[in-house]
Number of protein chains: 2
Amino acid sequence: MTKSLRRPASDAVDRLLNPRSIAVVGSLREARFGGYVTTSNLLRFGYKGKIFPVNPQYETVLNLKVHPSVRDIPEPVDLVVTMAGAPAVPNIIADSVHNGAKAAIIISDGFGERNEDGQRLQQEINRIAEAGGLRLLGPNTIGVANPAIGLITTPYRVTYEKMFAGGVALCAQTGMIGPQNLPLEETHYGLSKMCDFGNKCDIDEIDLLDYLVDDPDTKVIAMHLEVIRDGQLFMKKAKEVVARKPVIVLKPGRTRESQRAMASHTGSLAGEDLIYDSAFKQAGVIRVDNLREIIDIPKVLATQPLPRGNRLAIVTISGGVGVMGIDVASTHGLALARFSASTLEKLAAVSPVLASNPVDLGPGLPAYQVPGGVASRFPAMIEAILDDENVDCLAMACPWGVRGKIADVFGTMAQRNSKTMAVWVAGPSLAIAQEMNRDFEVIGLPTYPDGDAAIKALSVAVRYSRIKAESSEAQGRTA
Amino acid sequence: MTKSLRRPASDAVDRLLNPRSIAVVGSLREARFGGYVTTSNLLRFGYKGKIFPVNPQYETVLNLKVHPSVRDIPEPVDLVVTMAGAPAVPNIIADSVHNGAKAAIIISDGFGERNEDGQRLQQEINRIAEAGGLRLLGPNTIGVANPAIGLITTPYRVTYEKMFAGGVALCAQTGMIGPQNLPLEETHYGLSKMCDFGNKCDIDEIDLLDYLVDDPDTKVIAMHLEVIRDGQLFMKKAKEVVARKPVIVLKPGRTRESQRAMASHTGSLAGEDLIYDSAFKQAGVIRVDNLREIIDIPKVLATQPLPRGNRLAIVTISGGVGVMGIDVASTHGLALARFSASTLEKLAAVSPVLASNPVDLGPGLPAYQVPGGVASRFPAMIEAILDDENVDCLAMACPWGVRGKIADVFGTMAQRNSKTMAVWVAGPSLAIAQEMNRDFEVIGLPTYPDGDAAIKALSVAVRYSRIKAESSEAQGRTA
């Protein structure tokens, strides 16, 4: 389903993601879903713009004046967010046009994804919006988030208090990738923008690529795309974007069965999977395999310098995990770094059994039975490895002995590090591992659930590094 | 490195895993590693057999009488555990033979995995033990665990208080798969036996297969094997075992690079990977891909009935996740179940949007805005699916509305369920997801970090179900 004519680029996407004012249209009853929740989420996450709740049955809510309709709002708003029932939406869109709003998010479902009546309704709102110069996100979306300004439009209760601004732009076609479903606070996830496309009746992946490539807060663009509306245009745009920023895509629908399920759930048809596979490769888009990866892998690109080569150092707390890591590394195009004589010497000075790559901390444990424990010996070892000119990137397991001292031990190192690092913490308590992971994320070192995941993330960084270099070269030739 | 002559089967492996008495030989200093830690772990986890700490420098430790050497213990012990420095080990083994011990665990490192001197030392202890009829586990191991009797020999501090008895036997060639490194308590992991082979100078995977196939507590055998000492014998044994119990193997060393690393870390050489791949298939051994899988996948086989077919039902909280699940299902040989008319009716009675497979709870959410919330509607939906004769297995996402009520809502269902279930909980708090996962594990429903993992686990159950059927058939023909 390609779009016959794309509507012109505008600042509407900026108003969608950086609105100075928001109208919230929908039920204001205190419940687990609806306009009340969106309004209170905005207040709780510190959104500083104006909020106009809209509902004919209320006068005030959460100390805000409520307007009976969007038409009654006395000034043009940047963004209208509605979760009113589908049949009411065309009027709300007309009112939004009348108000002079720039963008609207239609959270409501029951449109193209439901049945033919819904498809007609979706076409109708599209017509009204297009005629009125209003851009639409959705329907059937949880909307957007922008932690830097406390923007969060999800109509679901969010159980935590804080989102963190960072370099990952996360776009998706599922509410699963939304603030209400991801532990963004616990994991200290650094987000530049978040956008759920929903049915994509208007604003889509092309608009977001256009916007995000110039967004200074965005270091890496991650997109979950069930449907790509205009494949050729997407690949063309993506090819331009990857010269400047990595684009990572999760594209489900590898099988006929899942393609059928997507059709019923988004109201659109997906194309042949193998074609996507090769088109992504040609465009320099990196395809990942699952939900966990589309969330975790971008972190390394958002926080770490790009690797200059593919030579990997592994620091592990178990020889067995080191071996598995080498399998992952080889499979994904990384080579095991050969440490320089000076690095081997420095490692051997801590304990002779440490002087090889992977560095297995397990047998070296007795060496840490010194005042200060592992935390006193670890930094010198890691610095020796990072300084080694034969090393491009480092996957590092962190022993629990460093718990509570991560900022002290790694803070400075993380700041002046010019190599690509990915970290994992494993051990007998999930709660402690989470705490340590969080401490690493706070100082800007990306964490992964295990060594395999850390190494795969590094391999993506290596791949993007090559893609970027080739892309600059190609542009150099063209210029 | 195959063994010229296997030592005869004996009850030594039973004494290793069910010892009535244990001698602990090593440093008794209060530290993070050593004999003191092993002794206090045994006491803390409620080991009821006799414990004999051994050290010439102490009289008592933890209110236990200390003997100067194993020779001085006044009765034969079932098991000797030593973490004394490698050069001291031959004497300790000789003393153990003299004592009449049945088995010894050599936790100490510095043997075959270190260098040629270590290899010679390893051969020496093997000679002494073999001559004296003593069986050895290790060296370079953290030993064994058996939650049912509070047995735990790891020399590392364990930060939790309880292990749970269950159906998974977990054998490994890495300390990573040991009680000190896995969150067994937090995840309520149900373990029958745990065994780290270490360098495998004597007791190996064949001995454990022999033992575990008859162990009534073991429902599934999971093995991480860097090296298989006698490939032909292993495949022969495994083929016999899989007629009765599933055997799941994680075999690293897919690449030359990792094979080299394994050689240095276990002191043995691995064989060609592709040969293993086809040999496993022929023997009916199921190979998994990584550390997470070797720990998580066996849970479904330990707790759930075997599926009678490959027809999968999916209950998801997001259409997008459902689509990804279908991709995983198709890739691993599962088919999406077609619900019967009666099931579709029952689902539609809750909400019309629920009447399809995958069942997407997301759009149906308003239907739960009833007294009792989602917990009041959910059981009837799940029971309808489980009762459907077109359904063989179910991957179920659990919404957070059921938090705190999992035993009430699913307890009875879990007990009388004759279909194979795997569960996952996702949401904005890792802590809450963990709590809910734990509540599911307590009532015997296996949990997975995401839908993909749950579905892959179910696909392994389906595969084993076929392997078992074919294996019985083949035996029927032979008889």
# chains A, B, ... in the order shown; residues from 1 in each chain; ligands from 1
>>> interface_residues(of="chain B", to="chain A", cutoff="6 Å", atoms="only C-alpha atoms", output="compact mmCIF listing (two decimals) with all heavy atoms, in the first residue's frame")
# COMPACT_ATOMS: atom_id res chain seq x y z
N THR B 174 31.09 -25.39 33.17
CA THR B 174 31.43 -24.02 33.54
C THR B 174 30.79 -23.69 34.88
O THR B 174 29.66 -24.09 35.14
CB THR B 174 30.95 -22.99 32.51
OG1 THR B 174 31.06 -21.68 33.08
CG2 THR B 174 29.49 -23.20 32.11
N GLN B 180 26.14 -20.37 42.76
CA GLN B 180 26.67 -19.06 43.14
C GLN B 180 26.50 -18.03 42.03
O GLN B 180 26.64 -16.85 42.27
CB GLN B 180 28.15 -19.16 43.55
CG GLN B 180 29.16 -19.28 42.42
CD GLN B 180 29.17 -20.66 41.79
OE1 GLN B 180 28.56 -21.59 42.30
NE2 GLN B 180 29.83 -20.79 40.66
N ASN B 181 26.19 -18.47 40.82
CA ASN B 181 26.09 -17.53 39.70
C ASN B 181 24.69 -17.42 39.10
O ASN B 181 24.46 -16.58 38.24
CB ASN B 181 27.05 -17.94 38.58
CG ASN B 181 28.45 -17.39 38.81
OD1 ASN B 181 28.61 -16.31 39.38
ND2 ASN B 181 29.45 -18.14 38.42
N LEU B 182 23.76 -18.25 39.53
CA LEU B 182 22.41 -18.20 38.97
C LEU B 182 21.41 -17.78 40.05
O LEU B 182 21.53 -18.22 41.20
CB LEU B 182 22.00 -19.58 38.44
CG LEU B 182 22.81 -20.13 37.27
CD1 LEU B 182 22.27 -21.50 36.88
CD2 LEU B 182 22.76 -19.19 36.07
N PRO B 183 20.43 -16.97 39.69
CA PRO B 183 19.46 -16.51 40.68
C PRO B 183 18.41 -17.59 40.96
O PRO B 183 17.22 -17.40 40.68
CB PRO B 183 18.86 -15.26 40.02
CG PRO B 183 19.00 -15.50 38.56
CD PRO B 183 20.23 -16.34 38.37
N PRO B 252 29.07 -25.46 22.83
CA PRO B 252 29.79 -24.36 22.17
C PRO B 252 30.91 -24.95 21.31
O PRO B 252 31.11 -26.16 21.29
CB PRO B 252 30.36 -23.55 23.32
CG PRO B 252 29.84 -24.16 24.58
CD PRO B 252 29.43 -25.55 24.24
N THR B 255 33.01 -22.58 16.11
CA THR B 255 34.05 -21.99 15.26
C THR B 255 35.44 -22.45 15.72
O THR B 255 35.63 -22.83 16.87
CB THR B 255 33.98 -20.45 15.33
OG1 THR B 255 34.14 -20.05 16.69
CG2 THR B 255 32.63 -19.95 14.83
N SER B 258 36.70 -20.52 18.84
CA SER B 258 36.23 -20.93 20.17
C SER B 258 36.79 -22.30 20.53
O SER B 258 37.00 -22.59 21.71
CB SER B 258 34.70 -20.93 20.21
OG SER B 258 34.18 -21.82 19.26
N GLY B 320 1.55 -6.71 17.90
CA GLY B 320 2.89 -6.74 17.34
C GLY B 320 3.70 -7.90 17.88
O GLY B 320 4.43 -8.58 17.15
N VAL B 323 2.58 -11.14 16.29
CA VAL B 323 3.16 -11.34 14.96
C VAL B 323 4.57 -11.91 15.07
O VAL B 323 4.93 -12.87 14.39
CB VAL B 323 3.18 -10.01 14.18
CG1 VAL B 323 4.06 -10.11 12.96
CG2 VAL B 323 1.75 -9.61 13.80
N MET B 324 5.38 -11.32 15.96
CA MET B 324 6.74 -11.82 16.13
C MET B 324 6.71 -13.27 16.61
O MET B 324 7.52 -14.10 16.20
CB MET B 324 7.50 -10.97 17.15
CG MET B 324 7.70 -9.54 16.69
SD MET B 324 8.56 -8.56 17.96
CE MET B 324 7.78 -6.95 17.72
N ILE B 326 4.50 -15.50 15.92
CA ILE B 326 4.17 -16.40 14.80
C ILE B 326 5.42 -16.70 13.97
O ILE B 326 5.64 -17.83 13.54
CB ILE B 326 3.06 -15.80 13.92
CG1 ILE B 326 1.79 -15.60 14.76
CG2 ILE B 326 2.75 -16.71 12.73
CD1 ILE B 326 0.69 -14.85 14.03
N ASP B 327 6.26 -15.67 13.78
CA ASP B 327 7.51 -15.91 13.07
C ASP B 327 8.35 -16.96 13.78
O ASP B 327 8.88 -17.89 13.15
CB ASP B 327 8.33 -14.60 12.96
CG ASP B 327 7.98 -13.80 11.70
OD1 ASP B 327 7.38 -14.38 10.78
OD2 ASP B 327 8.31 -12.60 11.65
N GLY B 427 6.49 -5.73 31.07
CA GLY B 427 5.90 -4.49 31.53
C GLY B 427 6.94 -3.51 32.03
O GLY B 427 8.14 -3.75 31.90
N PRO B 428 6.49 -2.42 32.60
CA PRO B 428 7.38 -1.30 32.90
C PRO B 428 8.21 -1.46 34.17
O PRO B 428 8.94 -0.54 34.54
CB PRO B 428 6.41 -0.13 33.04
CG PRO B 428 5.13 -0.74 33.45
CD PRO B 428 5.08 -2.10 32.81
N SER B 429 8.10 -2.58 34.86
CA SER B 429 8.95 -2.78 36.04
C SER B 429 9.51 -4.19 36.04
O SER B 429 8.77 -5.17 36.06
CB SER B 429 8.16 -2.54 37.33
OG SER B 429 8.82 -3.15 38.42
>>> residues_around(residues="Asn63 of chain B", least_positions_apart="4", cutoff="12 Å", atoms="only C-alpha atoms", output="ChimeraX atom specification")
/B:36,39-40,43,51-53,58-59
>>> write_last_selection(atoms="N, CA, C and O atoms", output="compact mmCIF listing (two decimals), in the first residue's frame")
# COMPACT_ATOMS: atom_id res chain seq x y z
N TYR B 36 35.82 -22.77 54.27
CA TYR B 36 34.90 -22.15 55.21
C TYR B 36 33.58 -21.86 54.52
O TYR B 36 32.51 -22.12 55.05
N THR B 39 31.60 -25.07 53.82
CA THR B 39 31.01 -25.58 55.05
C THR B 39 29.80 -24.75 55.46
O THR B 39 28.74 -25.29 55.81
N SER B 40 29.94 -23.42 55.40
CA SER B 40 28.81 -22.60 55.85
C SER B 40 27.66 -22.67 54.85
O SER B 40 26.49 -22.62 55.24
N LEU B 43 25.70 -25.75 55.78
CA LEU B 43 24.89 -25.53 56.98
C LEU B 43 23.69 -24.65 56.65
O LEU B 43 22.56 -24.92 57.06
N ILE B 51 29.14 -33.42 58.46
CA ILE B 51 30.16 -32.59 57.79
C ILE B 51 31.45 -32.68 58.60
O ILE B 51 31.45 -32.45 59.81
N PHE B 52 32.56 -33.02 57.92
CA PHE B 52 33.86 -33.09 58.57
C PHE B 52 34.82 -32.08 57.93
O PHE B 52 35.45 -32.40 56.92
N PRO B 53 34.92 -30.89 58.49
CA PRO B 53 35.94 -29.96 57.96
C PRO B 53 37.33 -30.53 58.27
O PRO B 53 37.52 -31.16 59.31
N TYR B 58 43.15 -25.86 62.54
CA TYR B 58 41.95 -25.48 63.30
C TYR B 58 41.52 -26.64 64.20
O TYR B 58 41.80 -27.80 63.92
N GLU B 59 40.81 -26.31 65.26
CA GLU B 59 40.21 -27.34 66.11
C GLU B 59 38.71 -27.44 65.82
O GLU B 59 38.16 -28.53 65.71
>>> atom_distance(atom1="atom CA of Val168 of chain B", atom2="atom CA of Asp277 of chain B")
23.0 Å
>>> closest_residue(among="B:Pro56, B:Gly190, B:Pro298, B:Gly309", to="Ala145 of chain B", atoms="only C-alpha atoms")
B:Gly190
>>> select_by_dssp(residues="segment 218-388 of chain A", states="strand (DSSP E or B)", output="PDB file with C-alpha atoms, in the first residue's frame")
ATOM      1  CA  VAL A 220      20.695   6.270  16.540  1.00  0.00           C
ATOM      2  CA  ILE A 221      17.350   5.524  14.895  1.00  0.00           C
ATOM      3  CA  ALA A 222      15.656   2.238  15.803  1.00  0.00           C
ATOM      4  CA  MET A 223      12.447   1.269  14.048  1.00  0.00           C
ATOM      5  CA  HIS A 224      10.074  -1.651  14.455  1.00  0.00           C
ATOM      6  CA  VAL A 247      19.326   2.974  11.278  1.00  0.00           C
ATOM      7  CA  ILE A 248      18.365  -0.291  12.962  1.00  0.00           C
ATOM      8  CA  VAL A 249      15.204  -2.078  11.940  1.00  0.00           C
ATOM      9  CA  LEU A 250      13.141  -4.899  13.373  1.00  0.00           C
ATOM     10  CA  ILE A 286      20.888  -3.067  10.014  1.00  0.00           C
ATOM     11  CA  ARG A 287      18.169  -5.603  10.644  1.00  0.00           C
ATOM     12  CA  VAL A 288      17.840  -7.160  14.100  1.00  0.00           C
ATOM     13  CA  ARG A 311      39.134  -6.635  16.991  1.00  0.00           C
ATOM     14  CA  LEU A 312      37.316  -7.660  20.153  1.00  0.00           C
ATOM     15  CA  ALA A 313      38.599  -8.050  23.695  1.00  0.00           C
ATOM     16  CA  ILE A 314      36.514 -10.127  26.078  1.00  0.00           C
ATOM     17  CA  VAL A 315      36.675  -9.914  29.847  1.00  0.00           C
ATOM     18  CA  THR A 316      34.663 -12.709  31.408  1.00  0.00           C
ATOM     19  CA  ALA A 335      37.932 -11.143  15.428  1.00  0.00           C
ATOM     20  CA  LEU A 336      39.493 -11.923  18.766  1.00  0.00           C
ATOM     21  CA  VAL A 359      40.572 -12.502  30.024  1.00  0.00           C
ATOM     22  CA  ASP A 360      38.968 -14.947  32.421  1.00  0.00           C
TER      23      ASP A 360
END
>>> select_by_dssp(residues="segment 260-372 of chain B", states="alpha helix (DSSP H)", output="PyMOL selection string")
chain B and resi 260-266+273-283+291-303+319-331+341-350
>>> residues_around(residues="segment 380-387 of chain A", least_positions_apart="6", cutoff="9 Å", atoms="only C-alpha atoms", output="list in words")
Ala313, Val315, Phe339, Ser342, Thr343, Leu344, Lys346, Leu347, Val350, Cys393, Leu394, Met396, Met413, Asn417, Ser418, Lys419 and Thr420 of chain A
>>> write_last_selection(atoms="N, CA and C atoms", output="short mmCIF file (atom, residue, chain, number, x, y, z; two decimals), in the first residue's frame")
data_model
loop_
_atom_site.label_atom_id
_atom_site.label_comp_id
_atom_site.auth_asym_id
_atom_site.auth_seq_id
_atom_site.Cartn_x
_atom_site.Cartn_y
_atom_site.Cartn_z
N ALA A 313 38.08 -7.49 22.44
CA ALA A 313 38.60 -8.05 23.70
C ALA A 313 37.42 -8.49 24.54
N VAL A 315 36.37 -9.68 28.44
CA VAL A 315 36.67 -9.91 29.85
C VAL A 315 35.49 -10.66 30.43
N PHE A 339 46.35 -9.31 22.15
CA PHE A 339 46.88 -8.25 23.00
C PHE A 339 48.35 -8.00 22.71
N SER A 342 52.83 -5.47 25.88
CA SER A 342 52.72 -4.62 27.06
C SER A 342 51.42 -4.88 27.82
N THR A 343 50.33 -5.11 27.08
CA THR A 343 49.06 -5.42 27.75
C THR A 343 49.16 -6.75 28.49
N LEU A 344 49.75 -7.75 27.82
CA LEU A 344 49.89 -9.07 28.45
C LEU A 344 50.71 -8.97 29.74
N LYS A 346 50.99 -6.29 31.68
CA LYS A 346 50.19 -5.62 32.72
C LYS A 346 49.17 -6.58 33.33
N LEU A 347 48.56 -7.41 32.49
CA LEU A 347 47.59 -8.38 33.01
C LEU A 347 48.28 -9.42 33.88
N VAL A 350 48.92 -8.67 37.48
CA VAL A 350 47.83 -8.92 38.44
C VAL A 350 47.78 -10.41 38.76
N CYS A 393 37.28 -2.95 20.37
CA CYS A 393 36.09 -2.92 21.23
C CYS A 393 36.23 -3.96 22.34
N LEU A 394 35.45 -3.74 23.38
CA LEU A 394 35.59 -4.57 24.59
C LEU A 394 34.22 -4.98 25.12
N MET A 396 32.76 -6.56 28.36
CA MET A 396 33.27 -6.72 29.72
C MET A 396 32.22 -7.24 30.70
N MET A 413 36.98 6.59 33.31
CA MET A 413 37.31 5.72 32.17
C MET A 413 36.23 5.83 31.09
N ASN A 417 37.09 7.29 27.35
CA ASN A 417 37.28 6.09 26.54
C ASN A 417 37.04 6.36 25.06
N SER A 418 37.96 5.89 24.22
CA SER A 418 37.77 6.05 22.78
C SER A 418 37.50 4.71 22.10
N LYS A 419 37.32 3.66 22.89
CA LYS A 419 36.99 2.35 22.33
C LYS A 419 35.51 2.05 22.63
N THR A 420 34.97 1.11 21.90
CA THR A 420 33.56 0.77 22.03
C THR A 420 33.39 -0.29 23.12
#
>>> closest_residue(among="A:Ser459, A:Thr141, A:Ser69, A:Gln232", to="Ala94 of chain A", atoms="only C-alpha atoms")
A:Ser69
